[in-house]
file query-v6.cif (mmCIF, C-alpha atoms and all ligand atoms)
data_entry
loop_
_atom_site.group_PDB
_atom_site.id
_atom_site.type_symbol
_atom_site.label_atom_id
_atom_site.label_comp_id
_atom_site.auth_asym_id
_atom_site.auth_seq_id
_atom_site.Cartn_x
_atom_site.Cartn_y
_atom_site.Cartn_z
ATOM 1 C CA MET A 25 87.115 113.760 -32.152
ATOM 2 C CA GLN A 26 87.225 110.111 -31.152
ATOM 3 C CA ILE A 27 83.994 108.135 -31.637
ATOM 4 C CA ASP A 28 83.632 104.609 -30.280
ATOM 5 C CA ILE A 29 80.672 102.596 -31.505
ATOM 6 C CA LEU A 30 79.488 99.470 -29.697
ATOM 7 C CA THR A 31 77.485 97.197 -31.954
ATOM 8 C CA LEU A 32 76.695 93.576 -32.761
ATOM 9 C CA PHE A 33 77.113 94.343 -36.476
ATOM 10 C CA PRO A 34 80.303 96.330 -37.091
ATOM 11 C CA GLU A 35 80.265 95.279 -40.767
ATOM 12 C CA MET A 36 77.157 97.425 -41.338
ATOM 13 C CA PHE A 37 79.278 100.576 -41.008
ATOM 14 C CA GLN A 38 81.774 99.776 -43.756
ATOM 15 C CA GLY A 39 80.022 101.442 -46.698
ATOM 16 C CA PRO A 40 78.930 104.735 -45.136
ATOM 17 C CA PHE A 41 82.188 105.210 -43.256
ATOM 18 C CA SER A 42 84.458 104.617 -46.222
ATOM 19 C CA THR A 43 83.098 107.251 -48.590
ATOM 20 C CA GLY A 44 82.960 110.976 -49.261
ATOM 21 C CA LEU A 45 83.086 113.625 -46.640
ATOM 22 C CA PHE A 46 83.416 111.167 -43.794
ATOM 23 C CA GLN A 47 86.395 109.375 -45.287
ATOM 24 C CA ARG A 48 88.055 112.726 -45.963
ATOM 25 C CA ALA A 49 87.553 113.777 -42.343
ATOM 26 C CA VAL A 50 89.140 110.516 -41.173
ATOM 27 C CA SER A 51 92.142 110.808 -43.495
ATOM 28 C CA ARG A 52 92.734 114.395 -42.370
ATOM 29 C CA GLY A 53 92.773 113.224 -38.763
ATOM 30 C CA LEU A 54 89.711 115.284 -37.807
ATOM 31 C CA VAL A 55 87.804 112.271 -36.564
ATOM 32 C CA SER A 56 88.634 108.719 -35.652
ATOM 33 C CA VAL A 57 85.966 106.042 -35.388
ATOM 34 C CA GLU A 58 86.458 102.676 -33.751
ATOM 35 C CA LEU A 59 83.926 99.877 -33.963
ATOM 36 C CA HIS A 60 83.678 97.420 -31.086
ATOM 37 C CA ASN A 61 81.771 94.182 -31.353
ATOM 38 C CA ILE A 62 79.783 93.675 -28.148
ATOM 39 C CA ARG A 63 79.992 89.910 -28.698
ATOM 40 C CA GLU A 64 83.721 90.073 -28.010
ATOM 41 C CA TYR A 65 82.964 90.958 -24.420
ATOM 42 C CA THR A 66 81.106 87.704 -23.689
ATOM 43 C CA HIS A 67 82.781 84.800 -21.909
ATOM 44 C CA ASP A 68 80.514 81.805 -22.454
ATOM 45 C CA ARG A 69 80.895 79.151 -25.141
ATOM 46 C CA HIS A 70 77.962 80.489 -27.157
ATOM 47 C CA ARG A 71 79.023 84.132 -26.846
ATOM 48 C CA THR A 72 75.569 85.060 -25.612
ATOM 49 C CA VAL A 73 74.608 88.721 -25.885
ATOM 50 C CA ASP A 74 70.845 88.492 -25.293
ATOM 51 C CA ASP A 75 68.354 86.653 -23.137
ATOM 52 C CA TYR A 76 64.615 86.277 -22.465
ATOM 53 C CA PRO A 77 62.845 89.091 -20.628
ATOM 54 C CA TYR A 78 62.023 88.523 -16.964
ATOM 55 C CA GLY A 79 58.274 88.387 -16.582
ATOM 56 C CA GLY A 80 57.782 86.980 -20.064
ATOM 57 C CA GLY A 81 56.869 88.680 -23.295
ATOM 58 C CA ALA A 82 58.056 88.743 -26.874
ATOM 59 C CA GLY A 83 61.597 89.299 -28.064
ATOM 60 C CA MET A 84 65.060 89.161 -26.573
ATOM 61 C CA ILE A 85 66.850 91.703 -24.418
ATOM 62 C CA LEU A 86 70.527 92.668 -24.650
ATOM 63 C CA LYS A 87 72.303 91.496 -21.514
ATOM 64 C CA PRO A 88 74.052 94.070 -19.343
ATOM 65 C CA GLU A 89 77.416 92.332 -18.704
ATOM 66 C CA PRO A 90 79.025 92.525 -22.186
ATOM 67 C CA ILE A 91 77.851 96.116 -22.665
ATOM 68 C CA PHE A 92 79.245 97.311 -19.325
ATOM 69 C CA GLU A 93 82.465 95.437 -19.992
ATOM 70 C CA ALA A 94 82.861 96.932 -23.476
ATOM 71 C CA VAL A 95 82.381 100.507 -22.227
ATOM 72 C CA GLU A 96 84.621 99.965 -19.195
ATOM 73 C CA ALA A 97 87.360 98.493 -21.423
ATOM 74 C CA LEU A 98 87.350 101.757 -23.380
ATOM 75 C CA GLN A 99 87.515 103.809 -20.229
ATOM 76 C CA VAL A 100 90.357 101.965 -18.425
ATOM 77 C CA ASP A 101 92.884 104.759 -18.725
ATOM 78 C CA TRP A 102 90.452 107.642 -18.489
ATOM 79 C CA SER A 103 90.466 110.214 -15.730
ATOM 80 C CA THR A 104 87.352 110.547 -13.562
ATOM 81 C CA ARG A 105 86.640 113.791 -15.394
ATOM 82 C CA GLU A 106 86.830 112.175 -18.842
ATOM 83 C CA LYS A 107 84.458 109.471 -17.663
ATOM 84 C CA ALA A 108 82.022 112.001 -16.276
ATOM 85 C CA GLU A 109 82.115 114.261 -19.341
ATOM 86 C CA THR A 110 82.023 111.738 -22.207
ATOM 87 C CA PRO A 111 78.492 111.091 -23.464
ATOM 88 C CA VAL A 112 77.500 107.418 -23.627
ATOM 89 C CA VAL A 113 74.642 107.571 -26.108
ATOM 90 C CA LEU A 114 72.118 104.787 -26.547
ATOM 91 C CA LEU A 115 70.308 104.761 -29.903
ATOM 92 C CA THR A 116 66.727 103.759 -29.224
ATOM 93 C CA PRO A 117 63.242 104.650 -30.464
ATOM 94 C CA GLN A 118 62.514 105.691 -26.850
ATOM 95 C CA GLY A 119 65.217 108.380 -26.927
ATOM 96 C CA HIS A 120 65.132 112.145 -27.267
ATOM 97 C CA PRO A 121 64.267 113.150 -30.865
ATOM 98 C CA PHE A 122 67.569 113.874 -32.660
ATOM 99 C CA SER A 123 68.003 117.439 -33.898
ATOM 100 C CA GLN A 124 70.618 119.813 -35.288
ATOM 101 C CA GLN A 125 70.898 121.291 -31.803
ATOM 102 C CA ILE A 126 71.749 117.910 -30.280
ATOM 103 C CA ALA A 127 74.225 117.258 -33.136
ATOM 104 C CA ARG A 128 75.935 120.566 -32.324
ATOM 105 C CA LYS A 129 76.129 119.791 -28.603
ATOM 106 C CA LEU A 130 77.616 116.355 -29.296
ATOM 107 C CA SER A 131 80.129 117.847 -31.754
ATOM 108 C CA GLU A 132 81.606 119.927 -28.914
ATOM 109 C CA HIS A 133 82.852 116.838 -27.053
ATOM 110 C CA PRO A 134 86.323 115.419 -27.769
ATOM 111 C CA ARG A 135 84.961 111.873 -27.403
ATOM 112 C CA LEU A 136 81.651 110.070 -27.860
ATOM 113 C CA ILE A 137 80.571 106.526 -27.144
ATOM 114 C CA LEU A 138 77.573 105.296 -29.138
ATOM 115 C CA LEU A 139 75.741 102.153 -28.145
ATOM 116 C CA CYS A 140 73.527 100.480 -30.745
ATOM 117 C CA GLY A 141 70.474 98.758 -29.292
ATOM 118 C CA ARG A 142 68.978 95.641 -30.915
ATOM 119 C CA TYR A 143 66.054 93.264 -30.507
ATOM 120 C CA GLU A 144 63.379 94.305 -27.992
ATOM 121 C CA GLY A 145 65.829 96.564 -26.201
ATOM 122 C CA VAL A 146 68.576 96.601 -23.604
ATOM 123 C CA ASP A 147 68.485 95.635 -19.963
ATOM 124 C CA GLU A 148 67.220 98.633 -17.992
ATOM 125 C CA ARG A 149 70.381 98.688 -15.827
ATOM 126 C CA VAL A 150 72.344 99.759 -18.910
ATOM 127 C CA ARG A 151 70.051 102.755 -19.294
ATOM 128 C CA GLU A 152 70.120 103.584 -15.605
ATOM 129 C CA HIS A 153 73.801 103.172 -14.762
ATOM 130 C CA LEU A 154 75.861 103.401 -17.962
ATOM 131 C CA VAL A 155 74.107 105.470 -20.583
ATOM 132 C CA THR A 156 74.107 109.269 -20.214
ATOM 133 C CA GLU A 157 71.662 110.093 -23.021
ATOM 134 C CA GLU A 158 69.233 108.306 -25.297
ATOM 135 C CA ILE A 159 68.591 109.419 -28.863
ATOM 136 C CA SER A 160 65.899 108.471 -31.369
ATOM 137 C CA ILE A 161 66.175 109.423 -35.043
ATOM 138 C CA GLY A 162 62.402 109.519 -35.481
ATOM 139 C CA ASP A 163 59.067 108.107 -34.439
ATOM 140 C CA TYR A 164 59.449 104.765 -36.168
ATOM 141 C CA VAL A 165 61.243 101.533 -35.337
ATOM 142 C CA ILE A 166 64.171 100.255 -37.389
ATOM 143 C CA GLY A 167 66.033 96.977 -36.988
ATOM 144 C CA GLY A 168 68.559 98.346 -34.525
ATOM 145 C CA GLY A 169 70.617 101.330 -33.488
ATOM 146 C CA GLU A 170 73.263 100.939 -36.222
ATOM 147 C CA LEU A 171 71.559 103.026 -38.916
ATOM 148 C CA ALA A 172 70.626 105.575 -36.261
ATOM 149 C CA ALA A 173 74.261 105.751 -35.106
ATOM 150 C CA MET A 174 75.341 106.397 -38.713
ATOM 151 C CA VAL A 175 72.872 109.264 -38.943
ATOM 152 C CA VAL A 176 74.134 110.772 -35.697
ATOM 153 C CA VAL A 177 77.810 110.362 -36.658
ATOM 154 C CA ASP A 178 77.196 111.921 -40.084
ATOM 155 C CA ALA A 179 75.380 114.935 -38.619
ATOM 156 C CA VAL A 180 78.042 115.427 -35.921
ATOM 157 C CA VAL A 181 81.129 114.958 -38.097
ATOM 158 C CA ARG A 182 80.069 117.543 -40.689
ATOM 159 C CA LEU A 183 79.955 120.116 -37.875
ATOM 160 C CA LEU A 184 83.550 119.516 -36.766
ATOM 161 C CA PRO A 185 85.874 122.407 -37.599
ATOM 162 C CA GLY A 186 87.653 121.834 -40.916
ATOM 163 C CA VAL A 187 85.397 119.031 -42.185
ATOM 164 C CA LEU A 188 83.382 121.239 -44.539
ATOM 165 C CA GLY A 189 85.287 123.681 -46.733
ATOM 166 C CA SER A 190 84.393 127.374 -46.316
ATOM 167 C CA GLU A 191 82.476 127.250 -49.596
ATOM 168 C CA ASP A 192 80.079 124.644 -48.251
ATOM 169 C CA SER A 193 79.917 125.606 -44.602
ATOM 170 C CA SER A 194 77.036 124.419 -42.465
ATOM 171 C CA GLU A 195 75.980 127.948 -41.446
ATOM 172 C CA ASP A 196 73.145 128.169 -43.972
ATOM 173 C CA ASP A 197 72.003 124.561 -43.600
ATOM 174 C CA SER A 198 68.376 123.830 -42.902
ATOM 175 C CA HIS A 199 67.801 123.823 -39.115
ATOM 176 C CA THR A 200 71.011 125.705 -38.254
ATOM 177 C CA ALA A 201 69.092 128.878 -37.379
ATOM 178 C CA GLY A 202 65.887 126.952 -36.741
ATOM 179 C CA LEU A 203 64.635 127.573 -40.316
ATOM 180 C CA LEU A 204 64.595 125.488 -43.492
ATOM 181 C CA GLU A 205 67.171 126.469 -46.096
ATOM 182 C CA TYR A 206 66.319 128.737 -49.062
ATOM 183 C CA PRO A 207 65.990 127.295 -52.625
ATOM 184 C CA HIS A 208 69.129 126.740 -54.715
ATOM 185 C CA TYR A 209 69.734 127.098 -58.460
ATOM 186 C CA THR A 210 72.696 126.370 -60.701
ATOM 187 C CA ARG A 211 73.348 126.688 -64.444
ATOM 188 C CA PRO A 212 71.720 126.856 -66.970
ATOM 189 C CA PRO A 213 69.968 130.180 -66.277
ATOM 190 C CA VAL A 214 66.928 128.988 -68.241
ATOM 191 C CA PHE A 215 65.972 125.301 -68.242
ATOM 192 C CA ARG A 216 62.934 124.196 -70.280
ATOM 193 C CA GLY A 217 61.635 127.744 -70.070
ATOM 194 C CA TRP A 218 62.018 127.932 -66.265
ATOM 195 C CA SER A 219 64.291 130.821 -65.249
ATOM 196 C CA VAL A 220 66.502 131.361 -62.247
ATOM 197 C CA PRO A 221 65.112 134.237 -60.102
ATOM 198 C CA ASP A 222 66.577 137.560 -61.336
ATOM 199 C CA VAL A 223 67.882 138.545 -57.927
ATOM 200 C CA LEU A 224 70.321 135.599 -57.904
ATOM 201 C CA VAL A 225 72.047 136.783 -61.070
ATOM 202 C CA SER A 226 72.004 140.468 -60.042
ATOM 203 C CA GLY A 227 75.405 140.344 -58.331
ATOM 204 C CA ASP A 228 73.907 142.406 -55.475
ATOM 205 C CA HIS A 229 74.995 140.376 -52.461
ATOM 206 C CA SER A 230 72.919 142.147 -49.866
ATOM 207 C CA ARG A 231 69.745 141.776 -51.984
ATOM 208 C CA ILE A 232 70.586 138.110 -52.499
ATOM 209 C CA ALA A 233 71.045 137.593 -48.742
ATOM 210 C CA GLY A 234 67.726 139.347 -48.069
ATOM 211 C CA TRP A 235 65.894 137.240 -50.679
ATOM 212 C CA ARG A 236 67.356 134.038 -49.322
ATOM 213 C CA HIS A 237 66.385 134.862 -45.771
ATOM 214 C CA GLU A 238 62.842 135.698 -46.873
ATOM 215 C CA GLN A 239 62.629 132.458 -48.860
ATOM 216 C CA SER A 240 63.784 130.514 -45.787
ATOM 217 C CA ILE A 241 60.931 132.000 -43.816
ATOM 218 C CA ILE A 242 58.357 131.383 -46.583
ATOM 219 C CA ARG A 243 59.515 127.796 -46.958
ATOM 220 C CA THR A 244 59.491 127.131 -43.233
ATOM 221 C CA LEU A 245 56.006 128.630 -42.897
ATOM 222 C CA GLU A 246 54.733 126.450 -45.748
ATOM 223 C CA ARG A 247 56.372 123.188 -44.780
ATOM 224 C CA ARG A 248 57.280 123.267 -41.088
ATOM 225 C CA PRO A 249 55.326 126.047 -39.354
ATOM 226 C CA ASP A 250 56.046 124.290 -36.035
ATOM 227 C CA LEU A 251 59.707 125.349 -36.361
ATOM 228 C CA LEU A 252 58.863 129.062 -36.395
ATOM 229 C CA ASP A 253 57.902 129.047 -32.710
ATOM 230 C CA ARG A 254 61.496 128.196 -31.776
ATOM 231 C CA ALA A 255 63.385 130.025 -34.576
ATOM 232 C CA GLU A 256 65.549 133.119 -34.051
ATOM 233 C CA LEU A 257 63.421 135.844 -35.689
ATOM 234 C CA CYS A 258 63.729 139.627 -35.817
ATOM 235 C CA VAL A 259 60.823 142.100 -35.908
ATOM 236 C CA ARG A 260 60.955 142.251 -39.717
ATOM 237 C CA ASP A 261 60.709 138.463 -39.902
ATOM 238 C CA GLU A 262 57.679 138.514 -37.602
ATOM 239 C CA GLU A 263 56.057 141.174 -39.801
ATOM 240 C CA LEU A 264 56.726 139.113 -42.933
ATOM 241 C CA ILE A 265 55.155 136.052 -41.323
ATOM 242 C CA GLU A 266 52.076 138.049 -40.346
ATOM 243 C CA ARG A 267 51.759 139.327 -43.948
ATOM 244 C CA LEU A 268 52.198 135.838 -45.385
ATOM 245 C CA LYS A 269 49.517 134.483 -43.094
ATOM 246 C CA GLN A 270 46.938 136.981 -44.394
ATOM 247 C CA PRO A 271 44.602 135.534 -47.059
ATOM 248 C CA HIS A 272 45.817 136.674 -50.516
HETATM 249 N N1 LIG B 301 66.462 101.680 -32.997
HETATM 250 C C1 LIG B 301 65.304 101.277 -33.524
HETATM 251 N N2 LIG B 301 64.564 102.312 -33.940
HETATM 252 C C2 LIG B 301 65.282 103.456 -33.657
HETATM 253 C C3 LIG B 301 65.060 104.839 -33.816
HETATM 254 N N3 LIG B 301 63.941 105.314 -34.364
HETATM 255 N N4 LIG B 301 66.014 105.689 -33.406
HETATM 256 C C4 LIG B 301 67.136 105.226 -32.831
HETATM 257 N N5 LIG B 301 67.422 103.925 -32.636
HETATM 258 C C5 LIG B 301 66.498 103.034 -33.050
#
call {"tool": "encode", "arguments": {"input": "query-v6.cif", "output": "structure tokens", "more": "lines below"}}
Ligand code: ADE
result
Amino acid sequence: MQIDILTLFPEMFQGPFSTGLFQRAVSRGLVSVELHNIREYTHDRHRTVDDYPYGGGAGMILKPEPIFEAVEALQVDWSTREKAETPVVLLTPQGHPFSQQIARKLSEHPRLILLCGRYEGVDERVREHLVTEEISIGDYVIGGGELAAMVVVDAVVRLLPGVLGSEDSSEDDSHTAGLLEYPHYTRPPVFRGWSVPDVLVSGDHSRIAGWRHEQSIIRTLERRPDLLDRAELCVRDEELIERLKQPH
């Protein structure tokens, strides 16, 4: 997968993109990320990327020309189909709430363009005529789209085939099946008098799978009951939820 990120602060990405899983994915050729400084697509002496809002009001707005030019420079050799099918994602607090489902959809594209908003926002013509989707990482405002882009890239890259080893696949992750993940334990079997649940050391894989699934449901009901409405549940799961909801 090729990911192009348009930003005013490419240096912000250095740390997160040069460590761990991400770095491994890059060195194995599973993903390639290119950072493009929007300021390099300005032509005036002051390299102006923002301006006052028409109609007045606080804050500055990112101008449309350098952003259009930066995206179009990437697309010069693309076919009409590539242009039509490649998401151009704007990171903004006004966007669609980011989710595992959106991460999965994005991970199915061979290319992504991410555009990091800044200041009060971007000129509306960028949203209307260039951007194909808008994503928010939560109902709060951060200094700009860069941290949000890192979150999106991290969530997408770990879903690419070959990035996670089979032993730490994403299948059981929280949110993959619409549920939170079950609790984990490692050695020692008893720590300060607190024991690992017997079932996990029983060696009975089908019992372990059953326990884990049940724990996922219990945990989701306790912490994020809103997720259960959209989760993939079987009749036995529904029965368990009904039982758990009864007063003890
Ligand atoms: N830029 C500022 N706040 C943001 C948010 N919550 N999500 C995405 N981009 C942002």
call {"tool": "resolve_selection", "arguments": {"input": "query-v6.cif", "expression": "the PyMOL selection byres (((chain A and resi 33-47) around 7) and not hetatm)", "output": "PyMOL selection string"}}
result
chain A and resi 31-32+48-51+59-61
call {"tool": "write_last_selection", "arguments": {"input": "query-v6.cif", "atoms": "C-alpha atoms", "output": "PDB file, in the frame of the given file"}}
result
ATOM      1  CA  THR A  31      77.485  97.197 -31.954  1.00  0.00           C
ATOM      2  CA  LEU A  32      76.695  93.576 -32.761  1.00  0.00           C
ATOM      3  CA  ARG A  48      88.055 112.726 -45.963  1.00  0.00           C
ATOM      4  CA  ALA A  49      87.553 113.777 -42.343  1.00  0.00           C
ATOM      5  CA  VAL A  50      89.140 110.516 -41.173  1.00  0.00           C
ATOM      6  CA  SER A  51      92.142 110.808 -43.495  1.00  0.00           C
ATOM      7  CA  LEU A  59      83.926  99.877 -33.963  1.00  0.00           C
ATOM      8  CA  HIS A  60      83.678  97.420 -31.086  1.00  0.00           C
ATOM      9  CA  ASN A  61      81.771  94.182 -31.353  1.00  0.00           C
TER      10      ASN A  61
END
call {"tool": "closest_atom_pairs", "arguments": {"input": "query-v6.cif", "of": "segment 142-190 of chain A", "to": "segment 86-106 of chain A", "cutoff": "6 Å", "atoms": "only C-alpha atoms", "output": "Markdown table"}}
result
| residue | atom | partner | partner_atom | distance |
| --- | --- | --- | --- | --- |
| A:Val146 | CA | A:Leu86 | CA | 4.5 |
| A:Asp147 | CA | A:Pro88 | CA | 5.8 |
| A:Val150 | CA | A:Pro88 | CA | 6.0 |
call {"tool": "write_last_selection", "arguments": {"input": "query-v6.cif", "atoms": "C-alpha atoms", "output": "short mmCIF file (atom, residue, chain, number, x, y, z; two decimals), in the frame of the given file"}}
result
data_model
loop_
_atom_site.label_atom_id
_atom_site.label_comp_id
_atom_site.auth_asym_id
_atom_site.auth_seq_id
_atom_site.Cartn_x
_atom_site.Cartn_y
_atom_site.Cartn_z
CA VAL A 146 68.58 96.60 -23.60
CA ASP A 147 68.48 95.64 -19.96
CA VAL A 150 72.34 99.76 -18.91
#
call {"tool": "residues_near_point", "arguments": {"input": "query-v6.cif", "point": "(67.8, 127.7, -46.3)", "cutoff": "9 Å", "atoms": "only C-alpha atoms", "output": "list in words"}}
result
Asp196, Asp197, Ser198, His199, Thr200, Leu203, Leu204, Glu205, Tyr206, Pro207, His208, Arg236, His237, Gln239, Ser240, Ile241, Arg243 and Thr244 of chain A
call {"tool": "resolve_selection", "arguments": {"input": "query-v6.cif", "expression": "the PyMOL selection byres (((chain A and resi 152-169) around 9) and not hetatm)", "output": "ChimeraX atom specification"}}
result
/A:31,91-92,95,110-123,139-143,145,148-151,170-176
call {"tool": "write_last_selection", "arguments": {"input": "query-v6.cif", "atoms": "C-alpha atoms", "output": "short mmCIF file (atom, residue, chain, number, x, y, z; two decimals), in the frame of the given file"}}
result
data_model
loop_
_atom_site.label_atom_id
_atom_site.label_comp_id
_atom_site.auth_asym_id
_atom_site.auth_seq_id
_atom_site.Cartn_x
_atom_site.Cartn_y
_atom_site.Cartn_z
CA THR A 31 77.48 97.20 -31.95
CA ILE A 91 77.85 96.12 -22.66
CA PHE A 92 79.24 97.31 -19.32
CA VAL A 95 82.38 100.51 -22.23
CA THR A 110 82.02 111.74 -22.21
CA PRO A 111 78.49 111.09 -23.46
CA VAL A 112 77.50 107.42 -23.63
CA VAL A 113 74.64 107.57 -26.11
CA LEU A 114 72.12 104.79 -26.55
CA LEU A 115 70.31 104.76 -29.90
CA THR A 116 66.73 103.76 -29.22
CA PRO A 117 63.24 104.65 -30.46
CA GLN A 118 62.51 105.69 -26.85
CA GLY A 119 65.22 108.38 -26.93
CA HIS A 120 65.13 112.14 -27.27
CA PRO A 121 64.27 113.15 -30.86
CA PHE A 122 67.57 113.87 -32.66
CA SER A 123 68.00 117.44 -33.90
CA LEU A 139 75.74 102.15 -28.14
CA CYS A 140 73.53 100.48 -30.74
CA GLY A 141 70.47 98.76 -29.29
CA ARG A 142 68.98 95.64 -30.92
CA TYR A 143 66.05 93.26 -30.51
CA GLY A 145 65.83 96.56 -26.20
CA GLU A 148 67.22 98.63 -17.99
CA ARG A 149 70.38 98.69 -15.83
CA VAL A 150 72.34 99.76 -18.91
CA ARG A 151 70.05 102.76 -19.29
CA GLU A 170 73.26 100.94 -36.22
CA LEU A 171 71.56 103.03 -38.92
CA ALA A 172 70.63 105.58 -36.26
CA ALA A 173 74.26 105.75 -35.11
CA MET A 174 75.34 106.40 -38.71
CA VAL A 175 72.87 109.26 -38.94
CA VAL A 176 74.13 110.77 -35.70
#
call {"tool": "closest_residue", "arguments": {"input": "query-v6.cif", "among": "A:Glu238, A:Glu144, A:Asp74, A:Asp261", "to": "ligand LIG 301 (chain B)", "atoms": "only C-alpha atoms and all ligand atoms"}}
result
A:Glu144
call {"tool": "resolve_selection", "arguments": {"input": "query-v6.cif", "expression": "the PyMOL selection byres (((chain A and resi 54) around 12) and not hetatm)", "output": "list in words"}}
result
Met25, Gln26, Ile27, Leu45, Phe46, Gln47, Arg48, Ala49, Val50, Ser51, Arg52, Gly53, Val55, Ser56, Val57, Ser131, Pro134, Arg135, Val180, Val181, Arg182, Leu183, Leu184, Pro185, Gly186, Val187 and Leu188 of chain A
call {"tool": "atom_distance", "arguments": {"input": "query-v6.cif", "atom1": "atom C3 of ligand LIG 301 (chain B)", "atom2": "atom CA of His133 of chain A"}}
result
22.5 Å
call {"tool": "closest_residue", "arguments": {"input": "query-v6.cif", "among": "A:Ile29, A:Pro212, A:Asp75, A:Tyr65", "to": "Leu136 of chain A", "atoms": "only C-alpha atoms"}}
result
A:Ile29
call {"tool": "axis_aligned_box", "arguments": {"input": "query-v6.cif", "around": "ligand LIG 301 (chain B)", "padding_each_side": "3 Å", "output": "AutoDock Vina command-line options"}}
result
--center_x 65.7 --center_y 103.5 --center_z -33.5 --size_x 9.5 --size_y 10.4 --size_z 7.7
call {"tool": "atom_distance", "arguments": {"input": "query-v6.cif", "atom1": "atom CA of Gly81 of chain A", "atom2": "atom CA of Asp68 of chain A"}}
result
24.6 Å
call {"tool": "residues_around", "arguments": {"input": "query-v6.cif", "residues": "Glu262 of chain A", "least_positions_apart": "2", "cutoff": "12 Å", "atoms": "all atoms listed in the file", "output": "PyMOL selection string"}}
result
chain A and resi 238+241-242+245+252-253+255-260+264-269
call {"tool": "atom_distance", "arguments": {"input": "query-v6.cif", "atom1": "atom CA of Trp235 of chain A", "atom2": "atom CA of Val223 of chain A"}}
result
7.6 Å
call {"tool": "closest_residue", "arguments": {"input": "query-v6.cif", "among": "A:Thr210, A:Leu138, A:Ala82, A:Arg248", "to": "ligand LIG 301 (chain B)", "atoms": "all atoms listed in the file"}}
result
A:Leu138
call {"tool": "closest_residue", "arguments": {"input": "query-v6.cif", "among": "A:Arg63, A:Ser219, A:Gln270, A:Tyr76", "to": "Leu30 of chain A", "atoms": "all atoms listed in the file"}}
result
A:Arg63
call {"tool": "closest_residue", "arguments": {"input": "query-v6.cif", "among": "A:Thr66, A:Thr72, A:Ser226, A:Gln124", "to": "Asp178 of chain A", "atoms": "all atoms listed in the file"}}
result
A:Gln124
call {"tool": "closest_residue", "arguments": {"input": "query-v6.cif", "among": "A:Ala108, A:Ile85, A:Leu224, A:Ile126", "to": "Ala179 of chain A", "atoms": "only C-alpha atoms"}}
result
A:Ile126
call {"tool": "build_atoms", "arguments": {"input": "query-v6.cif", "residues": "segment 171-186 of chain A", "atoms": "N, CA and C atoms", "output": "compact mmCIF listing (two decimals), keeping the file's coordinate frame"}}
result
# COMPACT_ATOMS: atom_id res chain seq x y z
N LEU A 171 71.85 101.97 -37.93
CA LEU A 171 71.56 103.03 -38.92
C LEU A 171 71.39 104.37 -38.21
N ALA A 172 70.81 104.34 -37.02
CA ALA A 172 70.63 105.58 -36.26
C ALA A 172 71.99 106.15 -35.87
N ALA A 173 72.92 105.28 -35.48
CA ALA A 173 74.26 105.75 -35.11
C ALA A 173 74.95 106.39 -36.31
N MET A 174 74.73 105.82 -37.50
CA MET A 174 75.34 106.40 -38.71
C MET A 174 74.79 107.79 -38.96
N VAL A 175 73.50 107.95 -38.75
CA VAL A 175 72.87 109.26 -38.94
C VAL A 175 73.48 110.28 -37.97
N VAL A 176 73.60 109.86 -36.72
CA VAL A 176 74.13 110.77 -35.70
C VAL A 176 75.60 111.12 -36.02
N VAL A 177 76.40 110.11 -36.36
CA VAL A 177 77.81 110.36 -36.66
C VAL A 177 77.93 111.30 -37.87
N ASP A 178 77.13 111.07 -38.89
CA ASP A 178 77.20 111.92 -40.08
C ASP A 178 76.88 113.37 -39.73
N ALA A 179 75.80 113.56 -38.97
CA ALA A 179 75.38 114.94 -38.62
C ALA A 179 76.42 115.62 -37.73
N VAL A 180 77.06 114.84 -36.85
CA VAL A 180 78.04 115.43 -35.92
C VAL A 180 79.35 115.74 -36.65
N VAL A 181 79.81 114.79 -37.47
CA VAL A 181 81.13 114.96 -38.10
C VAL A 181 81.14 116.16 -39.03
N ARG A 182 80.04 116.40 -39.76
CA ARG A 182 80.07 117.54 -40.69
C ARG A 182 80.11 118.89 -39.97
N LEU A 183 79.87 118.88 -38.64
CA LEU A 183 79.96 120.12 -37.88
C LEU A 183 81.35 120.35 -37.29
N LEU A 184 82.22 119.35 -37.36
CA LEU A 184 83.55 119.52 -36.77
C LEU A 184 84.36 120.53 -37.57
N PRO A 185 85.10 121.40 -36.88
CA PRO A 185 85.87 122.41 -37.60
C PRO A 185 86.79 121.78 -38.64
N GLY A 186 86.76 122.30 -39.86
CA GLY A 186 87.65 121.83 -40.92
C GLY A 186 87.08 120.74 -41.79
